[in-house]
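Text of data-v4.cif, listed as mmCIF, C-alpha atoms:
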```
data_model
#
loop_
_atom_site.label_atom_id
_atom_site.label_comp_id
_atom_site.auth_asym_id
_atom_site.auth_seq_id
_atom_site.Cartn_x
_atom_site.Cartn_y
_atom_site.Cartn_z
CA MET A 169 -0.82 28.11 3.68
CA THR A 170 0.46 27.15 0.24
CA GLU A 171 -1.45 24.84 -2.05
CA ARG A 172 -0.32 22.13 -4.43
CA ARG A 173 -2.17 21.90 -7.75
CA ILE A 174 -2.98 18.37 -8.90
CA GLU A 175 -4.57 17.80 -12.31
CA PHE A 176 -5.54 14.52 -13.97
CA GLN A 177 -8.06 12.93 -16.29
CA ILE A 178 -10.70 10.51 -15.01
CA GLU A 179 -10.16 6.93 -16.18
CA ALA A 180 -13.33 5.37 -14.75
CA SER A 181 -17.08 5.89 -14.79
CA ASN A 182 -19.94 5.72 -12.31
CA VAL A 183 -17.72 6.09 -9.20
CA ARG A 184 -18.36 8.75 -6.56
CA LEU A 185 -15.97 11.68 -6.87
CA ASP A 186 -14.85 11.55 -3.22
CA LYS A 187 -14.02 7.84 -3.48
CA TYR A 188 -12.19 8.30 -6.78
CA LEU A 189 -10.03 11.10 -5.37
CA ALA A 190 -9.13 9.04 -2.29
CA ASP A 191 -8.13 6.14 -4.54
CA GLN A 192 -6.00 8.35 -6.79
CA VAL A 193 -4.16 10.35 -4.12
CA PRO A 194 -2.47 7.99 -1.62
CA GLU A 195 -2.21 10.53 1.19
CA LEU A 196 -5.87 11.57 0.90
CA SER A 197 -8.62 9.85 2.89
CA ARG A 198 -12.20 9.84 1.67
CA SER A 199 -13.31 12.22 4.42
CA ALA A 200 -10.44 14.58 3.55
CA ALA A 201 -11.53 14.44 -0.10
CA GLN A 202 -15.05 15.39 0.94
CA ARG A 203 -13.69 18.39 2.89
CA LEU A 204 -11.64 19.53 -0.11
CA ILE A 205 -14.68 19.29 -2.38
CA ALA A 206 -16.88 21.16 0.11
CA SER A 207 -14.29 23.94 0.41
CA GLY A 208 -14.31 24.52 -3.36
CA ARG A 209 -10.80 23.20 -3.97
CA VAL A 210 -11.93 20.58 -6.52
CA THR A 211 -13.34 21.20 -9.98
CA VAL A 212 -14.53 18.74 -12.62
CA ASP A 213 -14.30 20.08 -16.17
CA GLY A 214 -13.94 23.54 -14.66
CA GLU A 215 -17.07 23.33 -12.51
CA LEU A 216 -17.51 22.77 -8.78
CA ALA A 217 -18.97 19.36 -7.97
CA LYS A 218 -20.49 17.49 -5.07
CA PRO A 219 -18.80 14.54 -3.31
CA SER A 220 -21.57 12.31 -4.66
CA HIS A 221 -20.90 13.31 -8.28
CA LYS A 222 -20.53 10.15 -10.39
CA VAL A 223 -17.40 10.61 -12.45
CA ARG A 224 -17.25 9.87 -16.18
CA GLU A 225 -14.23 8.73 -18.13
CA GLY A 226 -12.46 11.67 -19.77
CA GLU A 227 -13.51 14.32 -17.24
CA GLN A 228 -10.72 16.66 -16.14
CA VAL A 229 -10.16 17.11 -12.41
CA VAL A 230 -8.20 19.93 -10.79
CA MET A 231 -7.45 19.80 -7.05
CA LEU A 232 -5.81 22.36 -4.81
CA LEU A 233 -4.28 20.34 -1.99
CA PRO A 234 -3.07 22.40 0.99
CA ASP A 235 0.54 21.80 1.95
CA GLU A 236 -0.02 21.37 5.65
CA GLU A 237 2.62 22.58 8.02
CA PRO A 238 4.06 19.74 10.05
CA GLY A 239 2.23 19.68 13.35
CA GLN A 240 3.04 18.11 16.67
CA LEU A 241 2.93 14.33 16.58
CA LEU A 242 0.51 13.17 19.25
CA PRO A 243 0.23 9.71 20.82
CA GLU A 244 -3.07 7.94 20.20
CA ALA A 245 -4.20 4.81 22.04
CA ILE A 246 -4.73 2.69 18.93
CA PRO A 247 -4.41 -1.09 19.40
CA LEU A 248 -1.32 -2.65 17.83
CA ASP A 249 -0.97 -6.24 16.63
CA ILE A 250 2.55 -6.87 17.92
CA VAL A 251 4.41 -9.77 16.30
CA TYR A 252 7.75 -9.29 18.06
CA GLU A 253 9.25 -6.95 20.64
CA ASP A 254 12.47 -6.51 22.59
CA GLU A 255 14.40 -3.59 24.05
CA VAL A 256 15.35 -2.06 20.67
CA LEU A 257 12.84 -3.41 18.16
CA LEU A 258 9.08 -3.54 17.67
CA VAL A 259 7.48 -5.45 14.80
CA VAL A 260 3.83 -4.75 14.05
CA ASN A 261 1.30 -6.47 11.80
CA LYS A 262 -0.25 -3.37 10.20
CA PRO A 263 -3.90 -3.66 9.15
CA ALA A 264 -5.08 -2.55 5.74
CA GLY A 265 -6.48 0.98 5.86
CA MET A 266 -3.91 2.32 8.32
CA VAL A 267 -1.48 4.97 7.08
CA VAL A 268 2.07 4.61 8.38
CA HIS A 269 2.81 8.25 9.20
CA PRO A 270 0.87 11.55 9.20
CA ALA A 271 0.52 13.31 5.86
CA PRO A 272 -1.88 15.79 4.25
CA GLY A 273 -5.33 14.27 4.63
CA HIS A 274 -4.13 11.93 7.39
CA PRO A 275 -3.15 14.07 10.39
CA GLY A 276 -3.88 11.30 12.88
CA GLY A 277 -4.89 7.70 13.34
CA THR A 278 -1.59 6.53 11.85
CA LEU A 279 0.88 3.87 12.89
CA VAL A 280 3.23 6.60 14.17
CA ASN A 281 0.50 7.97 16.47
CA ALA A 282 -0.17 4.47 17.80
CA VAL A 283 3.54 3.71 18.32
CA LEU A 284 4.06 6.98 20.23
CA ALA A 285 1.37 5.91 22.70
CA TYR A 286 2.91 2.46 23.07
CA CYS A 287 6.54 3.66 23.23
CA PRO A 288 6.44 7.15 24.80
CA GLU A 289 10.26 7.35 24.73
CA LEU A 290 10.11 7.80 20.95
CA ALA A 291 8.45 11.18 21.46
CA ALA A 292 11.90 12.59 22.21
CA SER A 293 12.99 11.95 18.63
CA GLU A 294 13.35 15.05 16.48
CA ASP A 295 12.36 13.09 13.38
CA ASP A 296 8.84 13.49 11.96
CA ARG A 297 8.59 9.70 11.56
CA PRO A 298 9.98 8.44 14.87
CA GLY A 299 11.02 4.81 14.78
CA ILE A 300 9.82 4.15 11.24
CA VAL A 301 12.34 2.21 9.17
CA HIS A 302 10.27 1.47 6.04
CA ARG A 303 6.65 1.75 4.98
CA LEU A 304 3.67 -0.09 3.54
CA ASP A 305 0.90 1.33 1.38
CA ARG A 306 -2.28 2.28 3.19
CA ASP A 307 -4.25 -0.69 1.83
CA THR A 308 -1.46 -3.24 2.20
CA SER A 309 -1.37 -5.24 5.43
CA GLY A 310 1.52 -6.98 7.11
CA LEU A 311 4.86 -6.66 8.81
CA ILE A 312 6.49 -3.34 9.49
CA LEU A 313 9.58 -2.64 11.62
CA VAL A 314 9.79 0.07 14.27
CA ALA A 315 13.15 0.90 15.86
CA LYS A 316 13.13 2.02 19.48
CA SER A 317 16.45 3.87 19.22
CA ASP A 318 18.26 5.95 16.61
CA LYS A 319 21.11 3.44 16.62
CA ALA A 320 18.76 0.56 15.85
CA ARG A 321 17.01 2.55 13.13
CA ARG A 322 20.30 3.42 11.41
CA ALA A 323 21.36 -0.23 11.52
CA LEU A 324 18.07 -1.40 9.97
CA GLN A 325 18.06 1.35 7.34
CA ARG A 326 21.56 0.28 6.34
CA GLN A 327 20.30 -3.28 5.84
CA PHE A 328 17.52 -2.03 3.58
CA LYS A 329 19.93 0.16 1.61
CA GLU A 330 22.34 -2.74 1.11
CA ARG A 331 19.46 -5.10 0.20
CA GLN A 332 20.14 -7.43 3.10
CA VAL A 333 16.47 -7.60 4.16
CA TYR A 334 14.38 -10.47 2.80
CA LYS A 335 10.74 -9.54 2.17
CA ALA A 336 7.97 -11.83 0.95
CA TYR A 337 4.42 -10.78 0.13
CA LEU A 338 1.32 -12.79 -0.69
CA ALA A 339 -0.61 -11.36 -3.64
CA LEU A 340 -3.66 -12.55 -5.50
CA LEU A 341 -3.47 -11.61 -9.17
CA ASP A 342 -6.01 -11.40 -11.96
CA GLY A 343 -5.59 -14.15 -14.54
CA HIS A 344 -3.38 -17.23 -14.75
CA LEU A 345 0.24 -16.11 -14.53
CA GLN A 346 2.87 -18.11 -16.41
CA PRO A 347 5.56 -19.35 -15.94
CA ALA A 348 5.42 -20.71 -12.38
CA TRP A 349 8.50 -18.71 -11.42
CA GLY A 350 9.69 -15.44 -12.83
CA ARG A 351 11.34 -12.09 -12.34
CA VAL A 352 9.95 -8.74 -13.42
CA GLU A 353 12.68 -6.21 -14.12
CA ALA A 354 11.31 -2.81 -15.12
CA PRO A 355 12.29 0.69 -13.96
CA VAL A 356 9.66 2.45 -11.86
CA GLY A 357 9.11 6.21 -11.62
CA ARG A 358 6.48 8.85 -11.06
CA ASP A 359 3.78 8.79 -13.75
CA PRO A 360 4.24 12.07 -15.70
CA HIS A 361 0.52 12.22 -16.48
CA GLN A 362 -0.80 11.40 -12.99
CA ARG A 363 1.70 12.43 -10.35
CA GLN A 364 -0.04 10.44 -7.62
CA ARG A 365 0.70 7.19 -9.47
CA MET A 366 3.85 5.30 -10.28
CA ALA A 367 4.55 3.68 -13.65
CA VAL A 368 7.07 1.62 -15.58
CA LEU A 369 9.24 4.28 -17.23
CA SER A 370 12.44 4.12 -19.25
CA GLY A 371 13.86 6.87 -17.06
CA GLY A 372 12.65 5.39 -13.78
CA ARG A 373 14.69 3.82 -10.99
CA GLU A 374 15.91 0.25 -11.27
CA ALA A 375 13.34 -2.18 -9.87
CA ALA A 376 13.06 -5.96 -9.73
CA THR A 377 10.45 -8.32 -8.28
CA GLU A 378 10.72 -12.12 -8.19
CA TYR A 379 7.64 -14.29 -7.86
CA HIS A 380 6.63 -17.91 -7.29
CA VAL A 381 3.18 -19.18 -8.22
CA LEU A 382 1.55 -20.91 -5.24
CA GLU A 383 -1.97 -21.68 -6.52
CA GLN A 384 -4.16 -20.99 -9.51
CA PHE A 385 -7.95 -20.83 -9.49
CA ALA A 386 -10.73 -21.03 -12.06
CA HIS A 387 -13.75 -19.49 -10.35
CA LYS A 388 -16.96 -20.19 -12.28
CA VAL A 389 -19.71 -18.79 -10.06
CA GLY A 390 -21.39 -15.36 -10.04
CA PRO A 391 -19.88 -11.94 -10.80
CA ALA A 392 -16.46 -13.02 -9.48
CA ALA A 393 -16.11 -15.67 -12.21
CA GLY A 394 -12.62 -15.64 -13.64
CA GLU A 395 -9.09 -16.88 -13.29
CA TYR A 396 -6.78 -15.92 -10.43
CA THR A 397 -3.23 -16.67 -9.31
CA LEU A 398 -1.85 -16.62 -5.76
CA VAL A 399 1.84 -15.74 -5.74
CA LYS A 400 4.66 -15.19 -3.32
CA ALA A 401 6.25 -11.90 -4.40
CA GLU A 402 9.81 -11.08 -3.33
CA PRO A 403 10.82 -7.49 -4.11
CA VAL A 404 14.55 -7.20 -4.73
CA THR A 405 14.31 -3.41 -4.64
CA GLY A 406 11.90 -1.23 -2.66
CA ARG A 407 10.34 1.33 -4.97
CA THR A 408 7.00 2.98 -4.18
CA HIS A 409 4.08 0.74 -5.28
CA GLN A 410 6.64 -1.57 -6.91
CA ILE A 411 4.81 -4.90 -6.61
CA ARG A 412 1.52 -3.40 -7.75
CA VAL A 413 3.07 -1.60 -10.72
CA HIS A 414 5.16 -4.58 -11.82
CA PHE A 415 2.31 -7.09 -11.87
CA ALA A 416 -0.01 -4.60 -13.59
CA SER A 417 2.69 -4.02 -16.23
CA ILE A 418 2.66 -7.70 -17.24
CA GLY A 419 -1.13 -7.85 -17.42
CA HIS A 420 -1.80 -9.47 -14.03
CA PRO A 421 -2.69 -6.67 -11.57
CA VAL A 422 -3.26 -7.30 -7.88
CA VAL A 423 -6.90 -8.15 -7.22
CA GLY A 424 -8.69 -5.22 -5.59
CA ASP A 425 -6.12 -2.63 -6.68
CA GLU A 426 -8.34 0.16 -8.00
CA VAL A 427 -5.38 2.35 -8.97
CA TYR A 428 -3.34 -0.04 -11.12
CA GLY A 429 -5.85 -2.82 -11.72
CA LYS A 430 -9.50 -3.31 -12.51
CA ARG A 431 -11.74 -0.52 -11.33
CA LYS A 432 -14.49 -2.88 -10.22
CA ILE A 433 -13.78 -5.49 -7.54
CA THR A 434 -15.82 -8.60 -8.29
CA LEU A 435 -14.58 -10.74 -5.40
CA PRO A 436 -16.03 -10.12 -1.90
CA LEU A 437 -13.12 -7.91 -0.94
CA ALA A 438 -12.97 -4.28 0.21
CA ARG A 439 -9.19 -3.87 -0.22
CA GLN A 440 -6.31 -4.96 -2.41
CA PHE A 441 -5.08 -8.52 -1.92
CA LEU A 442 -1.50 -7.73 -0.90
CA HIS A 443 0.00 -8.78 2.42
CA ALA A 444 3.58 -8.40 3.70
CA ARG A 445 3.86 -11.88 5.17
CA ARG A 446 7.56 -12.48 5.91
CA LEU A 447 10.64 -10.49 6.88
CA ARG A 448 14.15 -11.71 7.55
CA ILE A 449 16.66 -9.30 9.06
CA LYS A 450 19.80 -9.23 11.16
CA HIS A 451 18.91 -8.09 14.65
CA PRO A 452 20.14 -4.48 14.94
CA SER A 453 21.89 -5.17 18.25
CA THR A 454 23.01 -8.80 18.20
CA GLY A 455 23.43 -9.37 14.47
CA GLN A 456 21.58 -12.69 14.75
CA ARG A 457 19.15 -13.65 12.01
CA LEU A 458 15.54 -12.89 12.90
CA GLU A 459 12.67 -14.50 10.96
CA LEU A 460 9.25 -12.88 11.27
CA GLU A 461 5.84 -13.83 9.89
CA ALA A 462 2.35 -12.29 9.96
CA PRO A 463 -0.68 -14.53 9.36
CA LEU A 464 -2.97 -13.77 6.45
CA PRO A 465 -5.81 -11.44 7.53
CA LYS A 466 -9.22 -13.08 7.89
CA GLU A 467 -10.76 -11.20 4.95
CA LEU A 468 -8.01 -12.43 2.61
CA ALA A 469 -8.11 -15.98 3.97
CA ALA A 470 -11.88 -16.01 3.37
CA VAL A 471 -11.41 -15.12 -0.30
CA LEU A 472 -8.90 -17.95 -0.75
CA ALA A 473 -11.25 -20.39 0.97
CA MET A 474 -14.05 -19.39 -1.42
CA LEU A 475 -11.82 -19.82 -4.48
CA ARG A 476 -10.58 -23.22 -3.31
CA LEU A 477 -14.14 -24.45 -2.92
CA SER A 478 -15.42 -23.01 -6.19
CA GLY A 479 -13.49 -25.03 -8.72
CA PRO A 480 -10.27 -26.79 -9.63
CA SER A 481 -7.03 -25.25 -8.55
CA SER A 482 -3.43 -26.33 -8.89
CA ARG A 483 -0.42 -25.99 -6.64
#
```
Could you render the structure from this file as C-alpha cells?
Amino acid sequence: MTERRIEFQIEASNVRLDKYLADQVPELSRSAAQRLIASGRVTVDGELAKPSHKVREGEQVVMLLPDEEPGQLLPEAIPLDIVYEDEVLLVVNKPAGMVVHPAPGHPGGTLVNAVLAYCPELAASEDDRPGIVHRLDRDTSGLILVAKSDKARRALQRQFKERQVYKAYLALLDGHLQPAWGRVEAPVGRDPHQRQRMAVLSGGREAATEYHVLEQFAHKVGPAAGEYTLVKAEPVTGRTHQIRVHFASIGHPVVGDEVYGKRKITLPLARQFLHARRLRIKHPSTGQRLELEAPLPKELAAVLAMLRLSGPSSR
C-alpha cells in the first residue's frame, strides 16, 4: 500500500488533534484520524502525539495517509430522504455529515452505499460512483441528483457542464454583508500551502457566485453576540468549496465553517450553515423543466428562529 504525505502548519489552538485533522482533510473522518494517529502515521513537530493532544498555532503536522485500493462498493440499508423519484432519476435531500462517495477514511456509510441498497440495479455499473452526477461537501446538506441509468447521467452531466442547472443555497454568514445583491468573481484553486484546502488564486479556475441578502441579524445575547447575514447563494460555476471560499475571501465566511471561517462556533450549531435548497434542471428523459426544493434542516431553522427573536433584523 502506498502512502500520501500531507504536511501543514496548525492555524488554531486548544483543539483536539483528531478533530483538527478531520476538519482539515475532507475525506478523513474523526475516527479515521484517530486510527492514523494510533498507527504512528501522524507527527506534531516531529513527535508522535495522542488523539487528545491540544494543538497550538504554529505546530507542524505531517501525516502519512494510505492510498487505499478501491474496494467493492457494498449496499448499506441507510435511510434516504427522497424528494423526487421516477424511472430514471432519484433526488435525495442529503443530511450534513454524510459523505457522497467512498474515499480514504470513509469506506462506507456514504450516499453511494445507501443508493446501492435502494436501487440495486446500479450495482451493475462499472463506475466507482454509480449514479452520482455531482457532489456536496460532507457538512453541507441539501439536494443531490442520482441518475438511474448511464444515459440519464450523461444527460445531466452535460447540463452541468453547459451551466444549464440552476442551483440555490441558503447560507448564514458572519457579519453584515453589503450590498444587498452582489457577485463574487474570483478564481479558485488548490491552496499551495495546505493541499486539503481551496483558495482564491490568480492561477485558479474561473469561479463566480451571485448572492441576494435575505435577512440581517444583530444578536446581542451571550457568546453568540454578533452580526449575521442570511443569503441566497447562486453558484454560476461549480468549483470545489466555491461558496465557502468566495464568502470567506470577502470577509464574510459561512457560519460554522471551521476550515475557511472562524475556528470557534459561537452559535448553537454543530455544522456549517450551508444548505443546497433549490435545483432546476431539464428532465433527462422528457426535457421538461423540473423544479426541486429541500426544506431547511431543523438545526438550521432553529438557529434562524433564535436570531429572529434576539433582536432587530431586516429583510
Quiz item: Contacts of A:Ser207 at 12 Å or less, counting all atoms listed in the file, minus same-chain residues fewer than 6 places along, as an NGL selection string?
Solution: :A and (200-201 or 216-219 or 231-234)
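Evaluated on this file, the PyMOL selection byres ((chain A and resi 367-369) around 8) matches Ala354, Pro355, Val356, Gly357, Arg358, Asp359, Arg365, Met366, Ser370, Gly371, Gly372, Val413, His414 and Ser417 of chain A.
Take the candidates A:Ala444, A:Leu472, A:Ala348, A:Ile411 and check each one against A:Tyr396 using only C-alpha atoms; the shortest distance goes to A:Leu472.
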Quiz prompt | Result set of the PyMOL selection byres ((chain A and resi 446) around 12) on the coordinates above, as an MDAnalysis selection string | solution = chainID A and resid 251 259:261 309:313 333:338 400:403 443:445 447:449 458:464
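For the residues A:Thr308, A:Ser317, A:Ser197, A:Thr397, ranking by smallest atom-to-atom distance to A:His409 using all atoms listed in the file places A:Thr308 first.
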Practice problem: Choose the residue, out of A:Ile250, A:Ala473, A:Val352, A:Val212, that has the smallest atom-to-atom separation from A:Gln410; count all atoms listed in the file. | Solution: A:Val352
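With only C-alpha atoms as the atoms that count, the residue of A:Asn281, A:Asp191, A:Thr408, A:Arg331 with the shortest distance to A:Gly424 is A:Asp191.
Taking atom CA of A:Gly390 and atom CA of A:Leu477 as endpoints, the distance between them is 13.6 Å.
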Quiz prompt | Gap from atom CA of A:Glu215 to atom CA of A:Leu185 - Å, one decimal | solution = 13.0 Å
Quiz item: Between atom CA of A:Ala282 and atom CA of A:Thr454, what is the spacing in Å?
Solution: 26.7 Å
Quiz item: Using all atoms listed in the file, which of the listed residues (A:Asp305, A:Asp254, A:Glu289, A:Glu353) sits closest to A:Pro452?
Solution: A:Asp254
Quiz prompt | Shell around A:His302 at 10 Å using only C-alpha atoms, local window under 5 positions removed, as a list in words | solution = Val268, Ile312, Leu313, Val314, Arg321, Leu324, Gln325, Phe328 and Gly406 of chain A
